[in-house]
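Asker: Got start03.cif for you, mmCIF, N, CA, C and O atoms:
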data_run
loop_
_atom_site.label_atom_id
_atom_site.label_comp_id
_atom_site.auth_asym_id
_atom_site.auth_seq_id
_atom_site.Cartn_x
_atom_site.Cartn_y
_atom_site.Cartn_z
N MET A 59 0.82 -1.20 0.00
CA MET A 59 0.00 0.00 0.00
C MET A 59 0.87 1.27 0.00
O MET A 59 0.58 2.22 -0.71
N ALA A 60 1.91 1.26 0.82
CA ALA A 60 2.78 2.44 0.89
C ALA A 60 3.46 2.68 -0.45
O ALA A 60 3.70 3.83 -0.82
N TRP A 61 3.78 1.61 -1.16
CA TRP A 61 4.41 1.73 -2.48
C TRP A 61 3.51 2.52 -3.43
O TRP A 61 3.96 3.42 -4.11
N ARG A 62 2.24 2.17 -3.47
CA ARG A 62 1.31 2.84 -4.38
C ARG A 62 1.08 4.30 -3.99
O ARG A 62 0.99 5.17 -4.85
N VAL A 63 1.01 4.57 -2.71
CA VAL A 63 0.80 5.94 -2.25
C VAL A 63 1.99 6.82 -2.63
O VAL A 63 1.82 7.90 -3.19
N TRP A 64 3.20 6.36 -2.34
CA TRP A 64 4.39 7.15 -2.68
C TRP A 64 4.60 7.24 -4.18
O TRP A 64 5.13 8.24 -4.69
N HIS A 65 4.20 6.20 -4.88
CA HIS A 65 4.28 6.24 -6.34
C HIS A 65 3.38 7.34 -6.89
O HIS A 65 3.77 8.11 -7.77
N PHE A 66 2.17 7.44 -6.37
CA PHE A 66 1.23 8.47 -6.80
C PHE A 66 1.71 9.87 -6.41
O PHE A 66 1.67 10.80 -7.21
N ILE A 67 2.18 10.03 -5.17
CA ILE A 67 2.68 11.33 -4.71
C ILE A 67 3.86 11.78 -5.57
O ILE A 67 3.94 12.94 -5.99
N THR A 68 4.77 10.87 -5.84
CA THR A 68 5.94 11.19 -6.66
C THR A 68 5.52 11.57 -8.07
O THR A 68 6.04 12.54 -8.65
N LEU A 69 4.59 10.83 -8.62
CA LEU A 69 4.12 11.12 -9.98
C LEU A 69 3.49 12.50 -10.07
O LEU A 69 3.77 13.26 -10.99
N VAL A 70 2.68 12.86 -9.08
CA VAL A 70 2.03 14.17 -9.09
C VAL A 70 3.05 15.29 -8.93
O VAL A 70 3.03 16.29 -9.66
N LEU A 71 3.98 15.14 -7.98
CA LEU A 71 4.96 16.19 -7.75
C LEU A 71 5.90 16.38 -8.94
O LEU A 71 6.23 17.51 -9.32
N VAL A 72 6.33 15.29 -9.55
CA VAL A 72 7.21 15.41 -10.71
C VAL A 72 6.46 15.99 -11.90
O VAL A 72 7.00 16.80 -12.66
N ALA A 73 5.18 15.65 -12.06
CA ALA A 73 4.39 16.25 -13.14
C ALA A 73 4.21 17.75 -12.94
O ALA A 73 4.32 18.53 -13.90
N LEU A 74 3.96 18.18 -11.72
CA LEU A 74 3.85 19.61 -11.44
C LEU A 74 5.17 20.32 -11.68
O LEU A 74 5.21 21.43 -12.22
N LEU A 75 6.27 19.69 -11.30
CA LEU A 75 7.58 20.28 -11.52
C LEU A 75 7.91 20.40 -13.00
O LEU A 75 8.40 21.43 -13.46
N LEU A 76 7.59 19.38 -13.76
CA LEU A 76 7.84 19.44 -15.20
C LEU A 76 6.93 20.47 -15.87
O LEU A 76 7.32 21.08 -16.87
N GLY A 77 5.74 20.67 -15.33
CA GLY A 77 4.85 21.69 -15.88
C GLY A 77 5.41 23.09 -15.72
O GLY A 77 5.35 23.91 -16.64
N THR A 78 5.99 23.38 -14.55
CA THR A 78 6.60 24.70 -14.37
C THR A 78 7.82 24.88 -15.27
O THR A 78 8.03 25.96 -15.83
N THR A 79 8.59 23.84 -15.43
CA THR A 79 9.76 23.91 -16.30
C THR A 79 9.36 24.10 -17.75
O THR A 79 9.95 24.91 -18.48
N PHE A 80 8.34 23.38 -18.16
CA PHE A 80 7.88 23.49 -19.55
C PHE A 80 7.26 24.86 -19.81
O PHE A 80 7.37 25.40 -20.90
N GLY A 81 6.62 25.43 -18.79
CA GLY A 81 6.07 26.77 -18.93
C GLY A 81 7.16 27.80 -19.20
O GLY A 81 6.99 28.69 -20.04
N HIS A 82 8.27 27.68 -18.51
CA HIS A 82 9.40 28.58 -18.77
C HIS A 82 9.93 28.40 -20.19
O HIS A 82 10.28 29.37 -20.86
N ALA A 83 10.01 27.16 -20.63
CA ALA A 83 10.53 26.90 -21.98
C ALA A 83 9.59 27.45 -23.05
O ALA A 83 10.05 27.95 -24.08
N LEU A 84 8.29 27.38 -22.83
CA LEU A 84 7.34 27.87 -23.82
C LEU A 84 7.33 29.39 -23.95
O LEU A 84 7.10 29.93 -25.02
N GLU A 85 7.57 30.08 -22.86
CA GLU A 85 7.52 31.53 -22.94
C GLU A 85 8.86 32.17 -23.30
O GLU A 85 8.93 33.36 -23.56
N MET A 86 9.92 31.39 -23.38
CA MET A 86 11.24 31.95 -23.67
C MET A 86 11.34 32.60 -25.05
O MET A 86 11.95 33.67 -25.16
N PRO A 87 10.80 32.04 -26.14
CA PRO A 87 10.94 32.73 -27.43
C PRO A 87 10.34 34.13 -27.43
O PRO A 87 10.92 35.05 -28.02
N MET A 88 9.23 34.34 -26.77
CA MET A 88 8.64 35.68 -26.72
C MET A 88 9.42 36.61 -25.81
O MET A 88 9.54 37.80 -26.09
N LYS A 89 9.96 36.08 -24.72
CA LYS A 89 10.74 36.93 -23.83
C LYS A 89 12.07 37.34 -24.47
O LYS A 89 12.62 38.38 -24.11
N MET A 90 12.57 36.56 -25.40
CA MET A 90 13.82 36.93 -26.06
C MET A 90 13.64 38.11 -27.01
O MET A 90 14.62 38.74 -27.40
N LYS A 91 12.41 38.44 -27.36
CA LYS A 91 12.15 39.54 -28.29
C LYS A 91 11.96 40.89 -27.61
O LYS A 91 11.91 41.90 -28.28
N VAL A 92 11.84 40.92 -26.29
CA VAL A 92 11.60 42.18 -25.60
C VAL A 92 12.92 42.79 -25.14
O VAL A 92 13.94 42.11 -25.06
N ASP A 93 12.87 44.08 -24.81
CA ASP A 93 14.09 44.74 -24.35
C ASP A 93 14.38 44.37 -22.89
O ASP A 93 13.57 43.73 -22.21
N GLY A 94 15.52 44.77 -22.41
CA GLY A 94 15.99 44.37 -21.09
C GLY A 94 15.14 44.87 -19.95
O GLY A 94 14.92 44.17 -18.97
N ARG A 95 14.65 46.11 -20.07
CA ARG A 95 13.85 46.67 -18.99
C ARG A 95 12.52 45.91 -18.82
O ARG A 95 12.10 45.60 -17.71
N LEU A 96 11.87 45.58 -19.93
CA LEU A 96 10.62 44.84 -19.86
C LEU A 96 10.86 43.41 -19.39
O LEU A 96 10.07 42.86 -18.63
N TRP A 97 11.97 42.81 -19.81
CA TRP A 97 12.30 41.46 -19.36
C TRP A 97 12.52 41.43 -17.86
O TRP A 97 12.07 40.52 -17.18
N LEU A 98 13.19 42.44 -17.33
CA LEU A 98 13.40 42.52 -15.89
C LEU A 98 12.08 42.71 -15.15
O LEU A 98 11.88 42.16 -14.06
N THR A 99 11.16 43.47 -15.75
CA THR A 99 9.83 43.62 -15.16
C THR A 99 9.10 42.28 -15.12
O THR A 99 8.45 41.95 -14.13
N PHE A 100 9.23 41.50 -16.19
CA PHE A 100 8.65 40.16 -16.19
C PHE A 100 9.20 39.33 -15.04
O PHE A 100 8.46 38.64 -14.34
N GLN A 101 10.50 39.38 -14.86
CA GLN A 101 11.14 38.57 -13.83
C GLN A 101 10.64 38.93 -12.43
O GLN A 101 10.46 38.05 -11.60
N HIS A 102 10.44 40.20 -12.18
CA HIS A 102 10.05 40.62 -10.83
C HIS A 102 8.55 40.52 -10.57
O HIS A 102 8.15 40.48 -9.40
N THR A 103 7.74 40.52 -11.60
CA THR A 103 6.29 40.50 -11.37
C THR A 103 5.66 39.15 -11.62
O THR A 103 4.78 38.72 -10.88
N LEU A 104 6.07 38.44 -12.65
CA LEU A 104 5.40 37.21 -13.03
C LEU A 104 5.86 35.98 -12.25
O LEU A 104 5.12 35.02 -12.11
N TYR A 105 7.07 36.00 -11.75
CA TYR A 105 7.66 34.78 -11.23
C TYR A 105 7.79 34.71 -9.72
O TYR A 105 8.54 33.91 -9.20
N SER A 106 7.06 35.54 -8.99
CA SER A 106 7.16 35.50 -7.53
C SER A 106 6.59 34.19 -6.98
O SER A 106 7.11 33.64 -6.01
N TYR A 107 5.56 33.67 -7.61
CA TYR A 107 4.97 32.43 -7.11
C TYR A 107 5.79 31.20 -7.47
O TYR A 107 5.61 30.14 -6.87
N PHE A 108 6.68 31.32 -8.43
CA PHE A 108 7.57 30.21 -8.71
C PHE A 108 8.49 29.94 -7.52
O PHE A 108 8.87 28.80 -7.28
N ALA A 109 8.82 30.97 -6.77
CA ALA A 109 9.66 30.78 -5.59
C ALA A 109 8.85 30.19 -4.43
O ALA A 109 9.33 29.32 -3.72
N TYR A 110 7.63 30.67 -4.26
CA TYR A 110 6.82 30.23 -3.12
C TYR A 110 6.16 28.87 -3.35
O TYR A 110 5.96 28.12 -2.40
N ILE A 111 5.78 28.58 -4.57
CA ILE A 111 5.08 27.33 -4.86
C ILE A 111 6.00 26.34 -5.56
O ILE A 111 6.02 25.15 -5.25
N GLY A 112 6.80 26.82 -6.50
CA GLY A 112 7.66 25.93 -7.28
C GLY A 112 8.79 25.30 -6.47
O GLY A 112 9.12 24.13 -6.66
N ALA A 113 9.38 26.06 -5.56
CA ALA A 113 10.48 25.53 -4.76
C ALA A 113 10.04 24.38 -3.85
O ALA A 113 10.71 23.33 -3.82
N PRO A 114 8.93 24.50 -3.11
CA PRO A 114 8.50 23.35 -2.31
C PRO A 114 8.12 22.14 -3.17
O PRO A 114 8.33 21.00 -2.75
N ILE A 115 7.57 22.39 -4.36
CA ILE A 115 7.24 21.28 -5.24
C ILE A 115 8.51 20.57 -5.68
O ILE A 115 8.58 19.34 -5.71
N GLU A 116 9.54 21.34 -6.01
CA GLU A 116 10.80 20.73 -6.44
C GLU A 116 11.46 19.95 -5.31
O GLU A 116 11.91 18.81 -5.51
N ILE A 117 11.49 20.51 -4.13
CA ILE A 117 12.07 19.80 -2.99
C ILE A 117 11.24 18.58 -2.65
O ILE A 117 11.77 17.50 -2.36
N GLY A 118 9.91 18.70 -2.71
CA GLY A 118 9.05 17.56 -2.45
C GLY A 118 9.22 16.45 -3.47
O GLY A 118 9.18 15.26 -3.12
N ALA A 119 9.42 16.81 -4.73
CA ALA A 119 9.64 15.80 -5.77
C ALA A 119 10.93 15.05 -5.52
O ALA A 119 10.99 13.81 -5.66
N ILE A 120 11.97 15.75 -5.13
CA ILE A 120 13.26 15.10 -4.85
C ILE A 120 13.14 14.18 -3.64
O ILE A 120 13.60 13.02 -3.67
N LEU A 121 12.51 14.66 -2.58
CA LEU A 121 12.35 13.83 -1.39
C LEU A 121 11.45 12.63 -1.63
O LEU A 121 11.73 11.52 -1.15
N SER A 122 10.37 12.82 -2.38
CA SER A 122 9.48 11.69 -2.63
C SER A 122 10.14 10.65 -3.53
O SER A 122 9.87 9.45 -3.38
N LEU A 123 11.01 11.08 -4.44
CA LEU A 123 11.77 10.11 -5.23
C LEU A 123 12.71 9.31 -4.36
O LEU A 123 12.90 8.10 -4.57
N GLY A 124 13.30 9.95 -3.36
CA GLY A 124 14.15 9.22 -2.42
C GLY A 124 13.37 8.20 -1.61
O GLY A 124 13.81 7.07 -1.41
N ILE A 125 12.20 8.61 -1.14
CA ILE A 125 11.36 7.68 -0.37
C ILE A 125 10.85 6.55 -1.26
O ILE A 125 10.82 5.39 -0.84
N LEU A 126 10.48 6.88 -2.49
CA LEU A 126 10.03 5.84 -3.41
C LEU A 126 11.15 4.85 -3.73
O LEU A 126 10.91 3.64 -3.81
N SER A 127 12.37 5.33 -3.85
CA SER A 127 13.48 4.41 -4.10
C SER A 127 13.75 3.54 -2.87
O SER A 127 14.17 2.40 -3.00
N PHE A 128 13.50 4.07 -1.67
CA PHE A 128 13.63 3.26 -0.47
C PHE A 128 12.60 2.13 -0.48
O PHE A 128 12.92 0.98 -0.15
N PHE A 129 11.37 2.43 -0.86
CA PHE A 129 10.36 1.39 -0.95
C PHE A 129 10.63 0.43 -2.10
O PHE A 129 10.28 -0.75 -2.03
N ALA A 130 11.26 0.93 -3.16
CA ALA A 130 11.58 0.05 -4.29
C ALA A 130 12.67 -0.94 -3.92
O ALA A 130 12.77 -2.02 -4.51
N ARG A 131 13.48 -0.59 -2.94
CA ARG A 131 14.53 -1.50 -2.48
C ARG A 131 13.92 -2.78 -1.91
O ARG A 131 14.49 -3.87 -2.06
N GLN A 132 12.77 -2.65 -1.30
CA GLN A 132 12.10 -3.81 -0.73
C GLN A 132 11.44 -4.66 -1.82
O GLN A 132 11.20 -5.83 -1.62
N ARG A 133 11.15 -4.07 -2.96
CA ARG A 133 10.60 -4.80 -4.09
C ARG A 133 11.77 -5.12 -5.01
O ARG A 133 12.07 -4.39 -5.92
N SER A 134 12.43 -6.22 -4.76
CA SER A 134 13.74 -6.48 -5.36
C SER A 134 13.71 -6.46 -6.88
O SER A 134 14.64 -5.97 -7.52
N ARG A 135 12.66 -6.97 -7.49
CA ARG A 135 12.63 -7.02 -8.96
C ARG A 135 12.63 -5.62 -9.57
O ARG A 135 13.40 -5.31 -10.46
N SER A 136 11.75 -4.74 -9.08
CA SER A 136 11.68 -3.40 -9.64
C SER A 136 12.92 -2.58 -9.31
O SER A 136 13.38 -1.78 -10.11
N PHE A 137 13.51 -2.82 -8.14
CA PHE A 137 14.70 -2.07 -7.77
C PHE A 137 15.88 -2.44 -8.67
O PHE A 137 16.57 -1.57 -9.18
N TYR A 138 16.08 -3.72 -8.88
CA TYR A 138 17.23 -4.13 -9.68
C TYR A 138 17.03 -3.86 -11.17
O TYR A 138 17.98 -3.55 -11.87
N LEU A 139 15.80 -3.91 -11.65
CA LEU A 139 15.57 -3.54 -13.04
C LEU A 139 15.83 -2.06 -13.25
O LEU A 139 16.43 -1.66 -14.25
N GLY A 140 15.42 -1.23 -12.31
CA GLY A 140 15.68 0.20 -12.42
C GLY A 140 17.16 0.52 -12.27
O GLY A 140 17.70 1.38 -12.95
N ALA A 141 17.85 -0.19 -11.38
CA ALA A 141 19.28 0.06 -11.19
C ALA A 141 20.08 -0.38 -12.41
O ALA A 141 21.11 0.21 -12.71
N ASP A 142 19.61 -1.40 -13.11
CA ASP A 142 20.32 -1.83 -14.31
C ASP A 142 20.15 -0.84 -15.44
O ASP A 142 21.07 -0.65 -16.23
N ARG A 143 19.01 -0.20 -15.52
CA ARG A 143 18.73 0.67 -16.67
C ARG A 143 19.19 2.10 -16.48
O ARG A 143 19.44 2.80 -17.44
N ASP A 144 19.26 2.57 -15.26
CA ASP A 144 19.59 3.98 -15.04
C ASP A 144 20.96 4.41 -15.56
O ASP A 144 21.07 5.47 -16.15
N PRO A 145 22.04 3.63 -15.36
CA PRO A 145 23.32 4.07 -15.92
C PRO A 145 23.29 4.17 -17.44
O PRO A 145 23.91 5.05 -18.02
N VAL A 146 22.53 3.30 -18.08
CA VAL A 146 22.45 3.35 -19.54
C VAL A 146 21.73 4.62 -19.97
O VAL A 146 22.17 5.33 -20.88
N ARG A 147 20.63 4.94 -19.32
CA ARG A 147 19.90 6.17 -19.65
C ARG A 147 20.74 7.40 -19.34
O ARG A 147 20.76 8.35 -20.10
N GLY A 148 21.41 7.39 -18.20
CA GLY A 148 22.23 8.54 -17.84
C GLY A 148 23.36 8.76 -18.82
O GLY A 148 23.66 9.89 -19.19
N ASN A 149 24.00 7.69 -19.28
CA ASN A 149 25.09 7.82 -20.24
C ASN A 149 24.57 8.34 -21.57
O ASN A 149 25.20 9.20 -22.20
N GLY A 150 23.42 7.85 -22.01
CA GLY A 150 22.85 8.32 -23.26
C GLY A 150 22.46 9.78 -23.19
O GLY A 150 22.67 10.55 -24.14
N PHE A 151 21.90 10.20 -22.06
CA PHE A 151 21.54 11.60 -21.88
C PHE A 151 22.77 12.48 -21.86
O PHE A 151 22.82 13.52 -22.50
N PHE A 152 23.79 12.05 -21.14
CA PHE A 152 25.03 12.84 -21.07
C PHE A 152 25.65 13.00 -22.45
O PHE A 152 26.06 14.09 -22.83
N CYS A 153 25.69 11.93 -23.20
CA CYS A 153 26.31 12.01 -24.53
C CYS A 153 25.50 12.88 -25.48
O CYS A 153 26.07 13.61 -26.29
N SER A 154 24.20 12.85 -25.38
CA SER A 154 23.41 13.67 -26.28
C SER A 154 23.46 15.14 -25.91
O SER A 154 23.44 16.01 -26.76
N VAL A 155 23.54 15.44 -24.61
CA VAL A 155 23.60 16.84 -24.19
C VAL A 155 24.97 17.43 -24.48
O VAL A 155 25.10 18.52 -25.02
N VAL A 156 26.01 16.73 -24.14
CA VAL A 156 27.36 17.27 -24.31
C VAL A 156 27.76 17.29 -25.77
O VAL A 156 28.50 18.14 -26.22
N GLY A 157 27.26 16.35 -26.53
CA GLY A 157 27.55 16.35 -27.96
C GLY A 157 28.66 15.42 -28.36
O GLY A 157 29.25 15.57 -29.42
N PHE A 158 28.96 14.43 -27.52
CA PHE A 158 30.00 13.48 -27.88
C PHE A 158 29.58 12.57 -29.02
O PHE A 158 30.41 11.95 -29.67
N HIS A 159 28.26 12.48 -29.27
CA HIS A 159 27.81 11.60 -30.32
C HIS A 159 28.29 12.07 -31.70
O HIS A 159 28.42 11.29 -32.62
N GLN A 160 28.59 13.35 -31.84
CA GLN A 160 29.09 13.85 -33.10
C GLN A 160 30.55 13.49 -33.31
O GLN A 160 31.00 13.31 -34.43
N SER A 161 31.28 13.35 -32.22
CA SER A 161 32.71 13.03 -32.36
C SER A 161 32.95 11.53 -32.33
O SER A 161 34.08 11.11 -32.50
N GLY A 162 31.91 10.73 -32.10
CA GLY A 162 32.04 9.27 -32.13
C GLY A 162 32.59 8.68 -30.84
O GLY A 162 33.05 7.55 -30.84
N LYS A 163 32.56 9.39 -29.72
CA LYS A 163 33.09 8.87 -28.47
C LYS A 163 32.07 8.06 -27.70
O LYS A 163 32.41 7.41 -26.73
N CYS A 164 30.81 8.11 -28.08
CA CYS A 164 29.78 7.34 -27.36
C CYS A 164 29.24 6.24 -28.23
O CYS A 164 29.03 6.36 -29.38
#
What does this structure look like when you write it as C-alpha cells?

Answerer:
Amino acid sequence: MAWRVWHFITLVLVALLLGTTFGHALEMPMKMKVDGRLWLTFQHTLYSYFAYIGAPIEIGAILSLGILSFFARQRSRSFYLGADRDPVRGNGFFCSVVGFHQSGKC
C-alpha cells in the first residue's frame, strides 16, 4: 500500500515540476524579443509564485523520489531492473547533451 501511495505522490509532484519547467521553456521565445527593462519587469512580477510554490514542489519531488526508491529496495525485482537501466539512460543523456555523439566517443 505504501508503495502505491508514494508512487502516486511522486508522480504528481514530478508532473507539477515538469509543468513549471515546460512553462518557462514555452515563454522563452517571446521573452527573447523584448528589451531588457521589460524582461526585468517580467522577472520581478510574473515569477514570484515560482519561488513560493515551485520551490517546495521541487524539494518535495526530490524527497518523494528518495522515499520511493527506499520502498523500491524492498521490491527487489523493480529495484534491480531500475538500477540496471539507469546508468544506460544517464550515459545516453550525457552524450546527447554534451555532444560526444558527433565526435564518435559514445

Asker: Please provide the set of residues having any atom within 7 Å of segment 67-70 of chain A, restricted to only C-alpha atoms, with same-chain residues fewer than 2 positions apart removed, written as a PyMOL selection string.

Answerer: chain A and resi 63-65+72-74+119+122-123

Asker: In terms of the shortest atom-to-atom distance over only C-alpha atoms, which of A:Trp97, A:Phe66, A:Tyr105, A:Trp61 is closest to His82 of chain A?

Answerer: A:Tyr105

Asker: I'd like the interatomic distance between atom CA of Leu75 of chain A and atom CA of Ala109 of chain A, to a tenth of an Å.

Answerer: 12.2 Å

Asker: When you count only C-alpha atoms, which of these residues is closest to Leu104 of chain A: A:Gly77, A:Val92, A:Glu85, A:Ala60?

Answerer: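 Smallest separation from Leu104 of chain A among the options: A:Glu85.
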
Asker: With the file shown as input, list the residues that the PyMOL selection byres (((chain A and resi 116 and name CA) around 10) and name CA) selects, as a PyMOL selection string.

Answerer: chain A and resi 71-72+74-76+78+111-115+117-122

Asker: Atom CA of Tyr110 of chain A and atom CA of Gly81 of chain A, how far apart in Å?

Answerer: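 These two atoms are separated by 16.2 Å.
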
Asker: Quick check, in Å to one decimal: how far apart do atom C of Ala130 of chain A and atom C of Thr79 of chain A lie?

Answerer: 28.8 Å
